[in-house]
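Below is one structure, written out as structure tokens; comments come after it.
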Amino acid sequence: MTVDIDSGTQLLGLLGHPLEHSFSPKIHNYACEKLGLNYAYLCFDILPEDLKEALAGLRALGVRGFNVTIPYKRDVMKAADRLHSPADEIGAVNTVVNENGIFHAYNTDAGGFLRMLKKEAGFSPAGSSALIAGAGGAARAVGISLLEAGVDSLRVVNRTPGKGKELVAEWREFYPGTDLDAGELRKEYYSPLLREVELVVDTTPVGMSPNTDVEPVLSPSVLHSNLLVVDLVYNPAETVLMKAARRAGATTLNGEGMLLYQALEAFQLWTGVDPFQLDWPENFFHRN
Ligand code: NAP
């Protein structure tokens, strides 16, 4: 997978720290090559003390745009010139488009998540009930996407219960018609809830490589066949939670779809070209 670089090549990239295992260059450079577009996508592993200068440098160099990942999703939101929905509701940015030196900031994680639910599980959140495990950045994006899509009831369970409660308090202000609550990540709390929900989303890193041999974040004994269980982790392809859910007869998805679709939404913002038309090879993320 190579891009022919010449004087007309426009630069795209990823800002974060650390970045060793990012799939983003693979996705974007593949899309550029297949669509015959003259862009190149690189990783910029930036230390926190260098972030301000890095942003000034990207602007001075005239990069067309960049993605933002941990730990800079909030810092870049504050540094951007224009904030586009739903980045403001989520409180984090994962994509910036540089329009003649003006940084336009977006969040495509929420759209990527919804697209995955629809395309890969045929699931529409409108009128459904869902439970999110975790209350970090990914939970924020997933929560807003579900609320915007018209979920009826939403529960957050988190190891640090105060963080889940804060999140839900924020959401209550903007979605007063939705049944919202949060509690501790304890079986006594979530066990009755799991009998009522249709969708479970694990937004914690539990089970992510190399720590794959761990207890799933939700007890296998409460999983059942009427659930769609989504784990945002994509390495390994089947997490310990997904295995338990599959054994319980549930439908399962990992985070690969969200990873791909959030990237493609960003790609479209930078290039104006629709990358969803491409055929993405089976096992795209795990082949050499
Ligand atoms: P984050 O902001 O650090 O939040 C992590 C959340 O997981 C927190 O709520 C934390 O609970 C909880 N947590 C961490 N370790 C835990 C454990 N051992 N047991 C129970 N809960 C635990 O991270 P993030 O940005 O939300 O990312 C979370 C995961 O989602 C990562 O694995 C990331 O790779 C994945 N992700 C995937 C995609 C995708 O496109 N597929 C996109 C974004 C993120 P406390 O509040 O108690 O600390």
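Chain labels follow the order of the structure tokens: the first chain is A, the next B, and so on; residue numbering restarts at 1 in every chain, and ligands are counted from 1 in their shown order.
Those protein and nucleic acid residues that have any atom within 7 Å of ligand 1 are, using only C-alpha atoms and all ligand atoms, Ile70, Asp109, Gly134, Ala135, Gly136, Gly137, Ala138, Ala139, Asn158, Arg159, Thr160, Lys163, Thr203, Thr204, Pro205, Val206, Met208, Val217, Leu232, Val233, Tyr234, Gly255, Glu256, Gly257, Met258, Leu259 and Gln262 of chain A.
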Backbone DSSP call of alpha helix (DSSP H) for range 36-270 of chain A, listed as a ChimeraX atom specification: /A:51-61,73-79,87-90,109-121,137-148,161-174,187-194,240-247,256-270
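Counting only C-alpha atoms, the residue from A:Ala169, A:Leu11, A:Ala244, A:Ile144 that sits nearest to Ile90 in chain A is A:Ile144.
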Using only C-alpha atoms, determine which residues lie at most 8 Å from Val96 in chain A, disregarding the query and same-chain residues fewer than 3 positions distant; provide the list as a ChimeraX atom specification. /A:65-68,93,103-106
